[in-house]
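Asker: I am attaching a structure below and will ask some questions about it afterwards.
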Amino acid sequence: MAVATDAGQTSNEHLDFEDMRRRIKAIFIGSVGNLVEWYDFYTYAAFSLYFASSFFPNSDPVVQQLNAALLFAAGFLVRPLGGWLFGYLADHHGRRGALMLSVALMCFGSLMIAVTPTYESIGVFAPIFLGAARIVQGLSLGGEYGTSATYLTEMADQRHRGFYSSFQYVTLIGGQICALVVLLLLQKVFLSPEEIRAWGWRIPFFIGAMLAVIALIMRRNLQETEAFEAAQKTASRTSSLRALMKYPREVMLVVGLTAGGTAAFYTYTTYMQKFLKLSVGLTDDQTTLVTISSLVFGIILQPIYGAISDRIGRKWLLIAFGVCGVLFTIPLLTALQAANGPIESFLLIAAAWMIVSGYTSINAVVKAELFPTKIRAIGVGLPYALTVSIFGGTADSVALSLKSLGHEEWFYYYLTGMIGISLVVYVFMRDTKADSAMHRHE
């Protein structure tokens with residue numbers, strides 16, 4: 001009997017190991033595709049300091065960056081459409097197919113930017129084509145977030161769901177780091193600043209298109225989630241939007257918990273590079289190094305905070321982000337604007353990341369745990385994309401607009417107010433770790 005018990009235990013351990021390896025492999029492939037998508041999207045922000053003058057001829061660099069930021073925001077404005085389209089595909093036809101289509105679309109958008117002529121060559125059609133490419137990328141990214149968050153959360157085991165799903169933001173931030181590493185290599189090793197401004201800025205977009213092809217090939221081997229397969233057997237088909245309307249409270253929770261977090265995230269990522277250059281007064285090299293270093297620090301925090309949420313719950317981390325964000329956003333940004341050199345700048349941004357990671361590390365799993373399987377992808381993706389398009393993608397434009405008016409500090413109060421609104425939501429929402437809808441397939 002003892003032998004039989006030992007054999008059974010060994011068999012169970014083997015099955016557990018195989019199951020863990022299967023989950024980790026799926027999460028890795030899904031995450032790699034997510035990294036490539038965000039590399040392609042953030043390359044625009046990383047290199048806008050160099051190509052803005054090629055598409056928006058103007059003597060004032062702040063106005064040039066504002067124009068580039070407006071097109072960056074345009075990519076966000078179509079993200080709700082992408083969230084709806086890819087959410088529908090993921091909920092009705094599977095997560096795998098939606099993930100493949102989103103990365104293929106991102107490849108096309110990056111290639112468009114890489115080959116678009118400058119304003120000097122084709123006039124006003126140059127920024128028009130650039131805007132069209134950003135719209136394509138926005139559609140792709142609008143679908144990627146909800147589908148990726150759903151896939152990673154469904155593939156993770158219940159005990160470590162916060163930890164594994166945090167890798168969505170590990171790869172999301174990693175995509176921006178990759179874009180900045182390419183920028184740094186071009187700056188320091190391969191090209192002069194003049195060559196980057198003339199034609200070198202096209203190189204990272206070609207790289208992004210090629211990486212997207214590789215990610216597409218890898219995603220062909222993704223397995224479908226067990227939750228989706230179970231939902232296909234038990235749930236009847238209906239309009240995704242009609243089904244989503246049955247969960248108005250959850251939809252509003254996604255909007256409320258996202259608003260402050262996404263504004264803070266895009267402040268310390270896409271806008272921070274411009275802030276360090278235009279407001280702090282760092283050199284190009286210092287700006288790139290500080291940005292990369294702070295993003296690496298942010299990456300390290302994501303799985304740590306995700307694992308903490310698996311122990312203490314999601315709600316307390318969100319509340320910690322909200323309270324600290326309200327108390328310290330204005331002092332941090334004020335001190336950063338007056339920072340003396342790159343080291344002080346890095347330390348201040350690192351402090352900000354210790355606050356913001358309370359949101360970024362777990363926001364994907366919190367949203368996924370709000371909705372049943374049949375509408376999870378669109379439930380996560382659509383209201384999130386709507387909120388990000390309003391409060392995340394516009395952070396650059398709001399900050400630069402206020403700066404151009406001579407009132408940059410107003411943006412600090414704006415960001416604090418947004419975090420304060422989300423804090424109210426965090427206080428009154430349920431803890432999704434303890435009360436999750438992951439097991440519901442209706």
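Following the order of the structure tokens, chains are lettered A, B, ..., residues in each are numbered from 1, and ligands are numbered from 1.
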Identify, on the basis of only C-alpha atoms, every residue whose closest approach to region 46-58 of chain A does not exceed 6 Å; exclude the query and any residue fewer than 6 positions from it along the same chain; express the result as a list in words.
Answerer: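 Result of the neighbour search: Gln64, Thr118, Tyr119, Pro127 and Arg197 of chain A.
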Asker: Skipping near chain neighbours, those fewer than 2 positions away, what residues fall within 10 Å of region 312-318 of chain A using only C-alpha atoms, listed as a ChimeraX atom specification?
Answerer: /A:162,257,261,305-310,320-323,355-363,365-366,422-423,425-434
Asker: I want to know what sits within 12 Å of region 112-116 of chain A, based on only C-alpha atoms, with residues of the same chain fewer than 3 positions away left out; could you give that as a ChimeraX atom specification?
Answerer: /A:40-41,43-44,47-48,51,54-55,105-109,119-137,199-210
Asker: For the selection you just gave me, I'd like the residues written to a file as a short mmCIF file (atom, residue, chain, number, x, y, z; two decimals), in the first residue's frame, keeping N, CA and C atoms.
Answerer:
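Printed below is out19.cif as written:
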```cif
data_model
loop_
_atom_site.label_atom_id
_atom_site.label_comp_id
_atom_site.auth_asym_id
_atom_site.auth_seq_id
_atom_site.Cartn_x
_atom_site.Cartn_y
_atom_site.Cartn_z
N ASP A 40 7.00 48.23 -30.42
CA ASP A 40 6.58 48.94 -31.64
C ASP A 40 5.83 50.22 -31.30
N PHE A 41 4.95 50.15 -30.31
CA PHE A 41 4.13 51.31 -29.97
C PHE A 41 4.98 52.40 -29.32
N THR A 43 8.24 52.87 -29.56
CA THR A 43 9.31 53.39 -30.41
C THR A 43 8.95 54.79 -30.90
N TYR A 44 7.68 55.00 -31.17
CA TYR A 44 7.21 56.32 -31.59
C TYR A 44 7.56 57.37 -30.54
N PHE A 47 11.48 57.96 -30.12
CA PHE A 47 12.19 58.62 -31.21
C PHE A 47 11.52 59.91 -31.69
N SER A 48 10.42 60.31 -31.03
CA SER A 48 9.73 61.51 -31.48
C SER A 48 10.61 62.75 -31.34
N PHE A 51 12.33 62.63 -34.88
CA PHE A 51 11.63 62.72 -36.17
C PHE A 51 10.53 63.77 -36.21
N SER A 54 10.78 66.31 -38.88
CA SER A 54 10.62 65.82 -40.25
C SER A 54 9.17 65.83 -40.70
N PHE A 55 8.24 65.80 -39.73
CA PHE A 55 6.82 65.76 -40.07
C PHE A 55 6.08 67.04 -39.70
N LEU A 105 -1.22 43.15 -37.02
CA LEU A 105 -1.62 44.52 -37.30
C LEU A 105 -0.55 45.51 -36.84
N MET A 106 0.07 45.22 -35.69
CA MET A 106 1.14 46.10 -35.21
C MET A 106 2.33 46.08 -36.17
N CYS A 107 2.64 44.94 -36.74
CA CYS A 107 3.72 44.84 -37.72
C CYS A 107 3.45 45.77 -38.90
N PHE A 108 2.22 45.77 -39.39
CA PHE A 108 1.86 46.61 -40.53
C PHE A 108 2.00 48.09 -40.18
N GLY A 109 1.53 48.48 -39.00
CA GLY A 109 1.64 49.88 -38.59
C GLY A 109 3.08 50.35 -38.47
N TYR A 119 7.82 65.49 -44.49
CA TYR A 119 7.03 66.65 -44.92
C TYR A 119 7.70 67.34 -46.11
N GLU A 120 9.01 67.37 -46.12
CA GLU A 120 9.74 68.02 -47.21
C GLU A 120 9.49 67.32 -48.54
N SER A 121 9.22 66.01 -48.50
CA SER A 121 9.03 65.23 -49.74
C SER A 121 7.60 65.26 -50.24
N ILE A 122 6.63 65.09 -49.34
CA ILE A 122 5.24 64.97 -49.80
C ILE A 122 4.29 65.95 -49.10
N GLY A 123 4.84 66.88 -48.36
CA GLY A 123 4.01 67.91 -47.75
C GLY A 123 3.10 67.38 -46.66
N VAL A 124 1.85 67.86 -46.67
CA VAL A 124 0.91 67.57 -45.60
C VAL A 124 0.55 66.09 -45.53
N PHE A 125 0.79 65.34 -46.63
CA PHE A 125 0.49 63.91 -46.60
C PHE A 125 1.40 63.14 -45.64
N ALA A 126 2.56 63.70 -45.32
CA ALA A 126 3.48 63.03 -44.41
C ALA A 126 2.86 62.84 -43.02
N PRO A 127 2.38 63.91 -42.36
CA PRO A 127 1.74 63.70 -41.06
C PRO A 127 0.43 62.92 -41.16
N ILE A 128 -0.24 63.00 -42.32
CA ILE A 128 -1.47 62.22 -42.50
C ILE A 128 -1.16 60.73 -42.49
N PHE A 129 -0.13 60.33 -43.25
CA PHE A 129 0.27 58.92 -43.28
C PHE A 129 0.77 58.46 -41.91
N LEU A 130 1.49 59.35 -41.24
CA LEU A 130 1.98 59.03 -39.91
C LEU A 130 0.81 58.80 -38.96
N GLY A 131 -0.20 59.65 -39.06
CA GLY A 131 -1.38 59.49 -38.24
C GLY A 131 -2.13 58.20 -38.55
N ALA A 132 -2.20 57.83 -39.83
CA ALA A 132 -2.87 56.58 -40.21
C ALA A 132 -2.16 55.38 -39.61
N ALA A 133 -0.82 55.43 -39.64
CA ALA A 133 -0.04 54.33 -39.06
C ALA A 133 -0.29 54.23 -37.56
N ARG A 134 -0.38 55.39 -36.89
CA ARG A 134 -0.64 55.37 -35.45
C ARG A 134 -2.04 54.82 -35.14
N ILE A 135 -2.98 55.07 -36.02
CA ILE A 135 -4.33 54.53 -35.83
C ILE A 135 -4.31 53.00 -35.93
N VAL A 136 -3.57 52.49 -36.92
CA VAL A 136 -3.44 51.04 -37.06
C VAL A 136 -2.82 50.44 -35.80
N GLN A 137 -1.75 51.08 -35.32
CA GLN A 137 -1.11 50.58 -34.10
C GLN A 137 -2.03 50.69 -32.90
N TRP A 199 17.66 60.18 -41.04
CA TRP A 199 17.09 58.92 -41.51
C TRP A 199 17.19 57.77 -40.49
N GLY A 200 18.05 57.91 -39.49
CA GLY A 200 18.26 56.81 -38.56
C GLY A 200 17.05 56.46 -37.71
N TRP A 201 16.13 57.41 -37.53
CA TRP A 201 14.94 57.13 -36.72
C TRP A 201 14.06 56.07 -37.35
N ARG A 202 14.25 55.78 -38.65
CA ARG A 202 13.44 54.75 -39.32
C ARG A 202 13.86 53.33 -38.92
N ILE A 203 15.11 53.17 -38.51
CA ILE A 203 15.66 51.84 -38.22
C ILE A 203 14.84 51.10 -37.16
N PRO A 204 14.53 51.70 -36.02
CA PRO A 204 13.79 50.95 -34.99
C PRO A 204 12.40 50.50 -35.44
N PHE A 205 11.79 51.23 -36.38
CA PHE A 205 10.48 50.80 -36.87
C PHE A 205 10.61 49.57 -37.77
N PHE A 206 11.69 49.51 -38.55
CA PHE A 206 11.95 48.29 -39.33
C PHE A 206 12.22 47.11 -38.40
N ILE A 207 12.99 47.35 -37.35
CA ILE A 207 13.27 46.28 -36.37
C ILE A 207 11.97 45.79 -35.74
N GLY A 208 11.10 46.73 -35.38
CA GLY A 208 9.82 46.36 -34.78
C GLY A 208 8.97 45.51 -35.68
N ALA A 209 8.95 45.83 -36.96
CA ALA A 209 8.17 45.03 -37.91
C ALA A 209 8.69 43.61 -38.00
N MET A 210 10.03 43.48 -38.01
CA MET A 210 10.62 42.13 -38.08
C MET A 210 10.35 41.34 -36.80
#
```
Asker: Give me the residues of region 240-338 of chain A that have any atom at most 10 Å from an atom of region 394-400 of chain A; for each, the nearest atom pair and the distance in Å, rounded to one decimal. Use only C-alpha atoms, sort by chain and number, and format it as a Markdown table.
Answerer:
```
| residue | atom | partner | partner_atom | distance |
| --- | --- | --- | --- | --- |
| A:Thr262 | CA | A:Ala395 | CA | 9.0 |
| A:Ala263 | CA | A:Ala395 | CA | 6.1 |
| A:Ala264 | CA | A:Ala395 | CA | 8.4 |
| A:Phe265 | CA | A:Ala395 | CA | 9.3 |
| A:Tyr266 | CA | A:Ala395 | CA | 6.4 |
| A:Thr267 | CA | A:Ala395 | CA | 6.3 |
| A:Tyr268 | CA | A:Ala395 | CA | 10.0 |
| A:Thr269 | CA | A:Asp396 | CA | 9.9 |
| A:Thr270 | CA | A:Asp396 | CA | 7.2 |
| A:Tyr271 | CA | A:Asp396 | CA | 5.3 |
| A:Met272 | CA | A:Asp396 | CA | 8.9 |
| A:Lys274 | CA | A:Asp396 | CA | 8.8 |
| A:Phe275 | CA | A:Leu400 | CA | 8.9 |
| A:Leu278 | CA | A:Leu400 | CA | 9.8 |
```
Asker: Please save all heavy atoms of the selected residues as a CSV table (one decimal), in the first residue's frame.
Answerer:
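Listed below is the output, part37.csv:
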```csv
chain,number,residue,atom,x,y,z
A,262,THR,N,-3.6,54.9,-15.0
A,262,THR,CA,-3.1,55.0,-16.4
A,262,THR,C,-2.5,56.4,-16.6
A,262,THR,O,-1.4,56.6,-17.3
A,262,THR,CB,-4.2,54.8,-17.4
A,262,THR,OG1,-3.6,54.6,-18.7
A,262,THR,CG2,-5.2,55.9,-17.5
A,263,ALA,N,-3.0,57.5,-16.0
A,263,ALA,CA,-2.5,58.8,-16.1
A,263,ALA,C,-1.1,58.8,-15.4
A,263,ALA,O,-0.1,59.4,-16.0
A,263,ALA,CB,-3.4,59.8,-15.4
A,264,ALA,N,-0.9,58.2,-14.3
A,264,ALA,CA,0.4,58.1,-13.6
A,264,ALA,C,1.4,57.3,-14.4
A,264,ALA,O,2.5,57.7,-14.6
A,264,ALA,CB,0.2,57.5,-12.2
A,265,PHE,N,0.9,56.2,-14.9
A,265,PHE,CA,1.8,55.3,-15.7
A,265,PHE,C,2.4,56.0,-16.9
A,265,PHE,O,3.6,56.0,-17.2
A,265,PHE,CB,1.1,54.0,-16.1
A,265,PHE,CG,1.9,53.2,-17.0
A,265,PHE,CD1,3.0,52.4,-16.5
A,265,PHE,CD2,1.7,53.1,-18.4
A,265,PHE,CE1,3.8,51.6,-17.4
A,265,PHE,CE2,2.4,52.3,-19.2
A,265,PHE,CZ,3.5,51.6,-18.7
A,266,TYR,N,1.6,56.7,-17.7
A,266,TYR,CA,2.1,57.4,-18.9
A,266,TYR,C,2.8,58.6,-18.6
A,266,TYR,O,3.6,59.1,-19.4
A,266,TYR,CB,0.9,57.6,-19.8
A,266,TYR,CG,0.5,56.4,-20.6
A,266,TYR,CD1,-0.7,55.7,-20.2
A,266,TYR,CD2,1.2,55.9,-21.6
A,266,TYR,CE1,-1.0,54.5,-20.8
A,266,TYR,CE2,0.9,54.7,-22.2
A,266,TYR,CZ,-0.3,54.0,-21.8
A,266,TYR,OH,-0.6,52.9,-22.4
A,267,THR,N,2.6,59.2,-17.4
A,267,THR,CA,3.4,60.3,-16.9
A,267,THR,C,4.9,59.9,-16.7
A,267,THR,O,5.8,60.5,-17.2
A,267,THR,CB,2.9,60.9,-15.7
A,267,THR,OG1,1.6,61.5,-15.9
A,267,THR,CG2,3.8,62.0,-15.1
A,268,TYR,N,5.1,58.7,-16.1
A,268,TYR,CA,6.4,58.3,-15.7
A,268,TYR,C,7.0,57.4,-16.8
A,268,TYR,O,8.1,56.9,-16.6
A,268,TYR,CB,6.4,57.6,-14.4
A,268,TYR,CG,6.0,58.5,-13.2
A,268,TYR,CD1,4.8,58.4,-12.6
A,268,TYR,CD2,6.9,59.5,-12.8
A,268,TYR,CE1,4.4,59.2,-11.5
A,268,TYR,CE2,6.5,60.4,-11.8
A,268,TYR,CZ,5.3,60.3,-11.2
A,268,TYR,OH,5.0,61.1,-10.2
A,269,THR,N,6.4,57.2,-17.9
A,269,THR,CA,7.0,56.5,-19.0
A,269,THR,C,7.1,57.4,-20.2
A,269,THR,O,8.1,57.9,-20.5
A,269,THR,CB,6.1,55.2,-19.3
A,269,THR,OG1,4.7,55.6,-19.5
A,269,THR,CG2,6.2,54.2,-18.2
A,270,THR,N,6.0,57.5,-21.0
A,270,THR,CA,6.2,58.2,-22.3
A,270,THR,C,6.5,59.7,-22.1
A,270,THR,O,7.3,60.3,-22.8
A,270,THR,CB,4.9,58.1,-23.1
A,270,THR,OG1,3.8,58.5,-22.3
A,270,THR,CG2,4.6,56.6,-23.5
A,271,TYR,N,5.8,60.4,-21.1
A,271,TYR,CA,6.1,61.8,-20.9
A,271,TYR,C,7.4,62.1,-20.2
A,271,TYR,O,8.0,63.1,-20.4
A,271,TYR,CB,5.0,62.4,-20.1
A,271,TYR,CG,5.2,63.9,-19.9
A,271,TYR,CD1,5.4,64.8,-21.0
A,271,TYR,CD2,5.3,64.4,-18.6
A,271,TYR,CE1,5.6,66.1,-20.7
A,271,TYR,CE2,5.6,65.8,-18.4
A,271,TYR,CZ,5.7,66.6,-19.4
A,271,TYR,OH,6.0,68.0,-19.2
A,272,MET,N,7.9,61.1,-19.4
A,272,MET,CA,9.1,61.4,-18.6
A,272,MET,C,10.3,61.7,-19.4
A,272,MET,O,11.1,62.5,-19.1
A,272,MET,CB,9.3,60.2,-17.6
A,272,MET,CG,10.3,60.5,-16.5
A,272,MET,SD,10.0,62.1,-15.7
A,272,MET,CE,8.3,61.9,-15.1
A,274,LYS,N,10.4,63.3,-22.3
A,274,LYS,CA,10.3,64.7,-22.7
A,274,LYS,C,10.5,65.6,-21.5
A,274,LYS,O,11.1,66.7,-21.6
A,274,LYS,CB,9.0,64.9,-23.4
A,274,LYS,CG,8.7,64.0,-24.6
A,274,LYS,CD,7.4,64.2,-25.1
A,274,LYS,CE,7.1,63.3,-26.3
A,274,LYS,NZ,7.0,61.9,-25.8
A,275,PHE,N,10.0,65.2,-20.3
A,275,PHE,CA,10.1,66.1,-19.1
A,275,PHE,C,11.6,66.2,-18.7
A,275,PHE,O,12.0,67.3,-18.4
A,275,PHE,CB,9.3,65.4,-18.0
A,275,PHE,CG,9.2,66.2,-16.7
A,275,PHE,CD1,8.3,67.2,-16.6
A,275,PHE,CD2,10.1,66.0,-15.7
A,275,PHE,CE1,8.2,68.0,-15.4
A,275,PHE,CE2,10.0,66.7,-14.5
A,275,PHE,CZ,9.1,67.7,-14.4
A,278,LEU,N,13.2,68.5,-21.6
A,278,LEU,CA,12.7,69.9,-21.8
A,278,LEU,C,12.6,70.7,-20.5
A,278,LEU,O,12.7,71.9,-20.5
A,278,LEU,CB,11.3,69.9,-22.5
A,278,LEU,CG,11.3,69.3,-23.9
A,278,LEU,CD1,9.9,69.2,-24.4
A,278,LEU,CD2,12.2,70.0,-24.9
```
Asker: Can you tell me which residues surround Met100 (chain A) at a distance of at most 9 Å, considering only C-alpha atoms, apart from same-chain residues fewer than 2 positions away, and format the answer as a PyMOL selection string?
Answerer: chain A and resi 33+95-98+102-105+215-217+219-220
Asker: Skipping near chain neighbours, those fewer than 4 positions away, what residues fall within 9 Å of Ala156 (chain A) using only C-alpha atoms, listed as a list in words?
Answerer: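 The residues satisfying every condition are Met20, Arg23, Ile24, Ile27, Tyr151, Leu152, His160, Arg161, Gly162, Phe163, Tyr164 and Ser165 of chain A.
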Asker: Go ahead and compute the interatomic distance for CA of Glu224 (chain A) and CA of Trp84 (chain A), in Å to one decimal.
Answerer: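 CA of Trp84 (chain A) lies 20.0 Å from CA of Glu224 (chain A).
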Asker: Measuring between only C-alpha atoms, which one of A:Lys403, A:Arg311, A:Arg159, A:Lys374 shows the shortest distance to Glu229 (chain A)?
Answerer: A:Lys374
Asker: List every residue of region 162-408 of chain A that DSSP, applied to the backbone of this structure, places in helix (DSSP H, G or I), and write the result as a ChimeraX atom specification.
Answerer: /A:162-165,167-190,193-198,200-219,226-234,240-244,248-267,270-280,284-312,314-337,342-360,363-368,373-392,395-404
Asker: When you look at region 339-352 of chain A with a cut-off of 9 Å (counting only C-alpha atoms), what residues show up, excluding the ones that are within fewer than 4 positions of it in the same chain? I need them as a compact mmCIF listing (two decimals) with C-alpha atoms, in the first residue's frame.
Answerer:
```txt
# COMPACT_ATOMS: atom_id res chain seq x y z
CA TYR A 268 6.40 58.28 -15.71
CA MET A 272 9.06 61.41 -18.59
CA LEU A 276 13.75 65.17 -18.41
CA VAL A 280 14.89 69.15 -16.07
CA GLY A 281 17.44 70.08 -18.74
CA LEU A 282 19.32 66.79 -19.05
CA GLN A 286 21.46 61.53 -19.74
CA THR A 287 17.76 61.52 -20.59
CA LEU A 289 20.11 56.56 -19.43
CA VAL A 290 17.87 57.87 -16.64
CA THR A 291 14.74 56.72 -18.46
CA SER A 293 17.39 52.86 -15.50
CA SER A 294 14.09 53.91 -13.97
CA LEU A 295 12.14 51.56 -16.25
CA PHE A 297 13.69 49.47 -11.64
CA GLY A 298 9.98 49.50 -12.44
CA GLY A 325 -0.10 59.06 -5.17
CA PHE A 328 3.48 62.58 -2.97
CA THR A 329 2.82 63.29 -6.69
CA LEU A 332 7.95 64.38 -6.38
CA LEU A 333 7.35 66.18 -9.68
CA THR A 334 8.26 69.55 -8.17
CA ALA A 335 11.53 68.14 -6.82
CA VAL A 356 2.79 53.49 -9.28
CA SER A 357 3.66 49.77 -9.18
```
Asker: Can you tell me which residues surround Gly83 (chain A) at a distance of at most 7 Å, considering only C-alpha atoms, apart from same-chain residues fewer than 2 positions away, and format the answer as a list in words?
Answerer: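 After dropping sequence-adjacent residues, the list is Arg79, Pro80, Leu81, Leu85, Phe86, Gly87, Gly142, Gly143, Gly146, Ile378, Gly381, Leu382 and Ala385 of chain A.
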Asker: Considering only C-alpha atoms, state which residue in the set A:Glu18, A:Glu37, A:Asp91, A:Asp285 is at the smallest distance from Gly379 (chain A).
Answerer: A:Asp91
Asker: Restricting the calculation to only C-alpha atoms: of A:Leu111, A:Glu154, A:Tyr145, A:Asp284, which residue gets closest to Ser192 (chain A)?
Answerer: A:Asp284
Asker: May I ask which of the residues A:Arg22, A:Arg249, A:His92, A:His407 is the closest one to Asp157 (chain A), counting only C-alpha atoms?
Answerer: A:Arg22
